[in-house]
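Participant: Sending over a structure as structure tokens; questions will come in a sec.
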Amino acid sequence: MSTVQKNLQTTDKDSGLREGVMSGPELAAQAIASIAPSAVIAFTAAEIFLGAGTGTIYAFLLATIVILCVGYIVSFFAKLFPSAGSLYTYVSKGLGPTAAFTAGMALMIGSWGIATGSLNGAVSFMMDVLRLLGMTSVEGMGWAIMLTIIIGGLATFFTIQGIRASARVSFVLELVSIAIILVLLFSALLWAGKAGWDPSQFTLKETPFQGVAAGMVLAILGFVGFSSADALGREARNPKKAIPRAIMWSALGVGILYVFAAYTQIAVLGDELGDVASPLEALNDKIGMPLWFGPVLLFGVAASFFAVVVAPLNVVGRIIYVMGKEGVLPPAFGRTHKRHLTPHRGLLVAGGLMLAVDVLMILFGNSLMDTLVWVDTYATYGYMLSYALVAIAGMMYVKKHNIRNSLLPALAIAAVVAMAYVFFANIWPVPAFPVNILPYIFMLTMLLGFARFWHVVKKDPETLRRIGNTHTEMMEGVG
């Protein structure tokens, strides 16, 4: 009997996750909330427009195709191995335990980082909302810290209360946010009249291809977290069908939304899009929406950021839970809350670390939106690595098991090349400080994780055998 198993003899039995409770729409809500399309629409199209001009919609279109390539491979594994382990479990099937840990660690960094960064966006926009509502004193470090603790604490609370509660909160907030933005976009096109038809965006004559390629990098970053529904493999109803549908349809739907939003912003704002600080507010002011719509619009963006705090935390908690059950992390993490049946220990650690980092960044005098950009960029490296690994794992799995699927290897190669390009574009040309040191901080974090992994494997070699074999079809495991 291994050391880990001996230690568990005196501990309580795991209550397990609440199985079979998540419907298809609730799974899609988890995926969409992790993407946070409203928050992306608020800024990304304007950034891409600076380099791609009227070719911005092509950047989003290409990004959607790349993400669907990754989604196809993730869906392939989700049909075979529904698990709370997400990409961590999938990669183990094609590349073995060490690569699986690499993917799991990278995905945890990505999911935790997106939640931590997005909390700053939720706080920043909520402060804007309160000021528009007449609370002019909402300024400074004290307010920022207080709202960070309140909003971050609420997000962590919802994730611990139950997956259905947290998914529904995320879904409602994201739905409200998207609805508010769609009202603005359609109103802008109606206001523009005939000028709202902009054929220049569909021609390639004046499209700077280098700008479109660079814009595709930003557009792909707008999809990170799209596969998060796969971490609910045990909690989903009919997961082998529902999860692949949620992943693919949410990615396609969000891609269409991005293209439409970019088209509308360019058609109505024109060259002004590259100059304004907040494109949605510029649209709102230009078309003369009612005064009450301004606070509603900002609340919608704040709600979107809050949704993307909740959804990735759910993913982090479940990967920690599976790693705890397999003995990679302390076995206490491999047990759920007796009443809520959620991985509360992992969620408390992830949520607490999120709050600590964001509060420290405020205390050091950094602006909320700067912290959002820095932490989200750090998180992106985790997503890119985990997506590339699951694509390679897909190729190896079909070859290893002689599965006739000529499409998967082609899509996997496209996905890996795209992820490599995104990574390269983020480090060259060398960006300004502190973005230039973020890849090294990411690598250092990965090394710290591997130090734990190597220690555990040396102490209990059986850990390697357990990785990827827990919590797929059965609930067995060390935890």
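Naming works like this for the structure tokens: A, B, ... for the chains as they're shown, residue 1 at the start of each chain, ligands 1 onward in shown order.
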Applying 7 Å and only C-alpha atoms, which residues near Leu252 (chain A) remain after dropping the ones on its own chain fewer than 4 positions away? List them as a PyMOL selection string.
Facilitator: chain A and resi 64+248+256
Participant: Write a file of the selected residues as a PDB file, in the first residue's frame, keeping N, CA and C atoms.
Facilitator:
ATOM      1  N   THR A  64     -12.150  31.978 -35.009  1.00  0.00           N
ATOM      2  CA  THR A  64     -13.257  31.043 -34.763  1.00  0.00           C
ATOM      3  C   THR A  64     -12.946  29.678 -35.365  1.00  0.00           C
ATOM      4  N   MET A 248     -18.860  22.969 -28.892  1.00  0.00           N
ATOM      5  CA  MET A 248     -18.839  23.379 -30.301  1.00  0.00           C
ATOM      6  C   MET A 248     -19.837  24.492 -30.591  1.00  0.00           C
ATOM      7  N   ILE A 256     -19.721  33.990 -34.161  1.00  0.00           N
ATOM      8  CA  ILE A 256     -20.659  34.776 -34.974  1.00  0.00           C
ATOM      9  C   ILE A 256     -20.944  36.118 -34.303  1.00  0.00           C
TER      10      ILE A 256
END
Participant: Which residues, written as a list in words, have at least one atom at most 7 Å from Phe125 (chain A), with only C-alpha atoms counted and residues fewer than 6 positions away on the same chain left out?
Facilitator: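 Answer for this query is Leu298, Phe299, Val301 and Ala302 of chain A.
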Participant: Could you pull the residues within 7 Å of region 57-62 of chain A, counting only C-alpha atoms, minus those fewer than 3 positions along the same chain, as a ChimeraX atom specification?
Facilitator: /A:65-66,212-213,215-216,219,255,258-259,262-263
Participant: If you keep C-alpha atoms, can you produce a file of those selected residues as a PDB file, in the first residue's frame?
Facilitator:
ATOM      1  CA  ILE A  65     -12.026  28.394 -37.226  1.00  0.00           C
ATOM      2  CA  VAL A  66      -8.903  27.728 -35.116  1.00  0.00           C
ATOM      3  CA  VAL A 212      -5.260  40.347 -39.906  1.00  0.00           C
ATOM      4  CA  ALA A 213      -2.762  37.673 -38.807  1.00  0.00           C
ATOM      5  CA  GLY A 215      -5.379  40.492 -35.065  1.00  0.00           C
ATOM      6  CA  MET A 216      -6.148  36.784 -35.137  1.00  0.00           C
ATOM      7  CA  ALA A 219      -9.164  37.262 -31.411  1.00  0.00           C
ATOM      8  CA  GLY A 255     -17.612  33.565 -33.030  1.00  0.00           C
ATOM      9  CA  TYR A 258     -17.773  38.627 -32.431  1.00  0.00           C
ATOM     10  CA  VAL A 259     -17.964  39.047 -36.210  1.00  0.00           C
ATOM     11  CA  ALA A 262     -16.865  44.014 -35.011  1.00  0.00           C
ATOM     12  CA  TYR A 263     -18.755  44.740 -38.228  1.00  0.00           C
TER      13      TYR A 263
END
Participant: Quick one: pull the distance between CA of Val315 (chain A) and CA of Ala231 (chain A), Å, one decimal.
Facilitator: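 We find that CA of Val315 (chain A) and CA of Ala231 (chain A) lie 5.8 Å from each other.
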Participant: Within 10 Å of region 22-42 of chain A, which residues of region 166-229 of chain A show up? Give each one with its shortest atom-to-atom distance in Å (one decimal) and the two atoms involved, counting only C-alpha atoms, rows by chain then rising residue number, as a tab-separated table.
Facilitator:
residue	atom	partner	partner_atom	distance
A:Ser166	CA	A:Gln30	CA	8.8
A:Ala167	CA	A:Gln30	CA	5.7
A:Arg168	CA	A:Glu26	CA	6.9
A:Val169	CA	A:Ala29	CA	9.3
A:Ser170	CA	A:Ala33	CA	5.8
A:Phe171	CA	A:Ala29	CA	4.8
A:Val172	CA	A:Ala29	CA	8.5
A:Leu173	CA	A:Ala33	CA	8.5
A:Glu174	CA	A:Ala33	CA	6.1
A:Leu175	CA	A:Ala29	CA	8.7
A:Val176	CA	A:Ser38	CA	9.8
A:Ser177	CA	A:Ser38	CA	6.3
A:Ile178	CA	A:Ser38	CA	5.8
A:Ala179	CA	A:Ser38	CA	9.4
A:Ile180	CA	A:Ser38	CA	9.3
A:Ile181	CA	A:Ser38	CA	7.2
A:Leu182	CA	A:Ser38	CA	9.6
A:Leu218	CA	A:Val40	CA	9.7
A:Ala219	CA	A:Val40	CA	8.7
A:Leu221	CA	A:Val40	CA	9.1
A:Gly222	CA	A:Val40	CA	5.9
A:Phe223	CA	A:Ile35	CA	5.4
A:Val224	CA	A:Ile35	CA	6.0
A:Gly225	CA	A:Ser34	CA	5.1
A:Phe226	CA	A:Ala31	CA	5.1
A:Ser227	CA	A:Ala31	CA	6.1
A:Ser228	CA	A:Ala31	CA	5.4
A:Ala229	CA	A:Ala31	CA	5.3
Participant: As JSON, numbers by chain, please: every residue in region 312-399 of chain A that DSSP puts in helix (DSSP H, G or I).
Facilitator: {"A": [312, 313, 314, 315, 316, 317, 318, 319, 320, 321, 322, 323, 324, 325, 331, 332, 333, 334, 344, 345, 346, 347, 348, 349, 350, 351, 352, 353, 354, 355, 356, 357, 358, 359, 360, 361, 362, 363, 368, 369, 370, 371, 372, 373, 374, 375, 376, 377, 378, 379, 380, 381, 382, 383, 384, 385, 386, 387, 388, 389, 390, 391, 392, 393, 394, 395, 396, 397, 398, 399]}
Participant: Considering only C-alpha atoms, return as a PyMOL selection string whatever protein or nucleic-acid residues lie within 9 Å of Gly104 (chain A), sequence-local ones (same chain, fewer than 5 positions apart) excluded.
Facilitator: chain A and resi 85-89+91+99+109+319-320+323+386
Participant: Can you write just those residues out, N, CA and C atoms, as a PDB file, in the first residue's frame?
Facilitator:
ATOM      1  N   GLY A  85     -11.644  16.002 -14.829  1.00  0.00           N
ATOM      2  CA  GLY A  85     -10.245  16.347 -15.026  1.00  0.00           C
ATOM      3  C   GLY A  85      -9.969  17.170 -16.258  1.00  0.00           C
ATOM      4  N   SER A  86     -10.966  17.329 -17.152  1.00  0.00           N
ATOM      5  CA  SER A  86     -10.816  18.178 -18.328  1.00  0.00           C
ATOM      6  C   SER A  86      -9.592  17.765 -19.156  1.00  0.00           C
ATOM      7  N   LEU A  87      -8.834  18.716 -19.661  1.00  0.00           N
ATOM      8  CA  LEU A  87      -7.706  18.434 -20.541  1.00  0.00           C
ATOM      9  C   LEU A  87      -6.618  17.622 -19.846  1.00  0.00           C
ATOM     10  N   TYR A  88      -6.527  17.735 -18.540  1.00  0.00           N
ATOM     11  CA  TYR A  88      -5.577  16.947 -17.745  1.00  0.00           C
ATOM     12  C   TYR A  88      -5.809  15.454 -17.981  1.00  0.00           C
ATOM     13  N   THR A  89      -7.063  15.031 -17.930  1.00  0.00           N
ATOM     14  CA  THR A  89      -7.394  13.623 -18.164  1.00  0.00           C
ATOM     15  C   THR A  89      -7.210  13.248 -19.619  1.00  0.00           C
ATOM     16  N   VAL A  91      -5.257  14.493 -22.002  1.00  0.00           N
ATOM     17  CA  VAL A  91      -3.866  14.410 -22.454  1.00  0.00           C
ATOM     18  C   VAL A  91      -3.210  13.117 -21.965  1.00  0.00           C
ATOM     19  N   ALA A  99       2.966  14.471 -19.415  1.00  0.00           N
ATOM     20  CA  ALA A  99       2.328  15.469 -20.277  1.00  0.00           C
ATOM     21  C   ALA A  99       0.966  15.858 -19.720  1.00  0.00           C
ATOM     22  N   ILE A 109      -3.391  27.231 -14.314  1.00  0.00           N
ATOM     23  CA  ILE A 109      -2.841  28.594 -14.385  1.00  0.00           C
ATOM     24  C   ILE A 109      -3.730  29.464 -15.271  1.00  0.00           C
ATOM     25  N   ILE A 319     -10.186  20.404 -11.383  1.00  0.00           N
ATOM     26  CA  ILE A 319      -8.883  19.815 -11.700  1.00  0.00           C
ATOM     27  C   ILE A 319      -8.111  19.518 -10.408  1.00  0.00           C
ATOM     28  N   ILE A 320      -8.159  20.448  -9.467  1.00  0.00           N
ATOM     29  CA  ILE A 320      -7.529  20.211  -8.166  1.00  0.00           C
ATOM     30  C   ILE A 320      -8.140  18.971  -7.506  1.00  0.00           C
ATOM     31  N   MET A 323      -6.815  15.821  -9.237  1.00  0.00           N
ATOM     32  CA  MET A 323      -5.423  15.625  -8.852  1.00  0.00           C
ATOM     33  C   MET A 323      -5.312  15.152  -7.405  1.00  0.00           C
ATOM     34  N   SER A 386      -1.927  24.126 -22.906  1.00  0.00           N
ATOM     35  CA  SER A 386      -2.858  23.007 -22.697  1.00  0.00           C
ATOM     36  C   SER A 386      -3.613  22.671 -23.980  1.00  0.00           C
TER      37      SER A 386
END
Participant: So how far away is CA of Glu235 (chain A) from CA of Gly334 (chain A), in Å?
Facilitator: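 CA of Glu235 (chain A) lies at a distance of 15.7 Å from CA of Gly334 (chain A).
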Participant: Measuring atom to atom with only C-alpha atoms, identify which of A:Leu280, A:Gly162, A:Ala155, A:Gly140 is nearest to Gly365 (chain A).
Facilitator: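 Result for the nearest residue to Gly365 (chain A): A:Gly140.
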Participant: Can you tell me which residues surround Gly382 (chain A) at a distance of at most 8 Å, considering only C-alpha atoms, apart from same-chain residues fewer than 4 positions away, and format the answer as number ranges by chain?
Facilitator: A: 105-110, 378, 386, 442
Participant: Selected residues, C-alpha atoms, written as a PDB file, in the first residue's frame, please.
Facilitator:
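What follows is the written file out21.pdb:
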ATOM      1  CA  MET A 105      -0.998  22.583 -14.419  1.00  0.00           C
ATOM      2  CA  ALA A 106      -1.133  24.876 -17.456  1.00  0.00           C
ATOM      3  CA  LEU A 107      -4.939  24.781 -17.526  1.00  0.00           C
ATOM      4  CA  MET A 108      -5.113  25.599 -13.821  1.00  0.00           C
ATOM      5  CA  ILE A 109      -2.841  28.594 -14.385  1.00  0.00           C
ATOM      6  CA  GLY A 110      -4.959  29.673 -17.339  1.00  0.00           C
ATOM      7  CA  TYR A 378      -0.031  35.392 -17.988  1.00  0.00           C
ATOM      8  CA  SER A 386      -2.858  23.007 -22.697  1.00  0.00           C
ATOM      9  CA  PHE A 442       4.628  31.433 -16.262  1.00  0.00           C
TER      10      PHE A 442
END
Participant: Please indicate the distance in Å from CA of Thr445 (chain A) to CA of Ile467 (chain A), rounded to one decimal place.
Facilitator: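 Between CA of Thr445 (chain A) and CA of Ile467 (chain A) the gap works out to 20.6 Å.
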Participant: Within 12 Å of Lys459 (chain A), counting only C-alpha atoms, which residues show up once you throw out same-chain ones fewer than 2 positions away? Write them as a list in words, please.
Facilitator: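 Counting only the stated atoms, we get Ser2, Thr3, Val4, Gly327, Val328, Arg452, Phe453, Trp454, His455, Val456, Val457, Pro461, Glu462, Thr463 and Leu464 of chain A.
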Participant: For the residues selected in the previous step, produce a file with N, CA and C atoms as a JSON list (two decimals), in the first residue's frame.
Facilitator:
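Now in out31.json:
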[["chain", "number", "residue", "atom", "x", "y", "z"],
["A", 2, "SER", "N", 0.54, 2.21, -0.86],
["A", 2, "SER", "CA", 1.37, 3.41, -0.97],
["A", 2, "SER", "C", 1.23, 4.28, 0.25],
["A", 3, "THR", "N", 2.18, 5.22, 0.41],
["A", 3, "THR", "CA", 2.15, 6.15, 1.54],
["A", 3, "THR", "C", 0.89, 6.98, 1.53],
["A", 4, "VAL", "N", 0.49, 7.44, 0.32],
["A", 4, "VAL", "CA", -0.72, 8.26, 0.20],
["A", 4, "VAL", "C", -1.93, 7.48, 0.66],
["A", 327, "GLY", "N", -3.70, 11.56, -6.02],
["A", 327, "GLY", "CA", -2.51, 11.65, -5.19],
["A", 327, "GLY", "C", -1.47, 12.62, -5.67],
["A", 328, "VAL", "N", -1.74, 13.34, -6.77],
["A", 328, "VAL", "CA", -0.78, 14.34, -7.25],
["A", 328, "VAL", "C", -0.73, 15.53, -6.29],
["A", 452, "ARG", "N", 6.72, 19.85, -7.20],
["A", 452, "ARG", "CA", 5.75, 19.07, -6.42],
["A", 452, "ARG", "C", 5.50, 17.71, -7.08],
["A", 453, "PHE", "N", 5.32, 17.73, -8.39],
["A", 453, "PHE", "CA", 5.03, 16.50, -9.13],
["A", 453, "PHE", "C", 6.16, 15.49, -8.99],
["A", 454, "TRP", "N", 7.41, 15.93, -9.19],
["A", 454, "TRP", "CA", 8.55, 15.02, -9.10],
["A", 454, "TRP", "C", 8.71, 14.49, -7.68],
["A", 455, "HIS", "N", 8.44, 15.34, -6.68],
["A", 455, "HIS", "CA", 8.52, 14.91, -5.28],
["A", 455, "HIS", "C", 7.51, 13.80, -5.00],
["A", 456, "VAL", "N", 6.29, 13.99, -5.48],
["A", 456, "VAL", "CA", 5.23, 13.00, -5.24],
["A", 456, "VAL", "C", 5.55, 11.68, -5.94],
["A", 457, "VAL", "N", 6.00, 11.78, -7.19],
["A", 457, "VAL", "CA", 6.29, 10.56, -7.96],
["A", 457, "VAL", "C", 7.45, 9.78, -7.33],
["A", 461, "PRO", "N", 5.67, 6.07, -6.61],
["A", 461, "PRO", "CA", 5.69, 5.86, -8.06],
["A", 461, "PRO", "C", 4.34, 5.43, -8.64],
["A", 462, "GLU", "N", 3.46, 4.87, -7.82],
["A", 462, "GLU", "CA", 2.16, 4.44, -8.29],
["A", 462, "GLU", "C", 1.29, 5.61, -8.76],
["A", 463, "THR", "N", 1.69, 6.83, -8.37],
["A", 463, "THR", "CA", 0.94, 8.03, -8.79],
["A", 463, "THR", "C", 0.86, 8.11, -10.31],
["A", 464, "LEU", "N", 1.95, 7.76, -10.98],
["A", 464, "LEU", "CA", 1.97, 7.82, -12.45],
["A", 464, "LEU", "C", 0.90, 6.93, -13.05]]
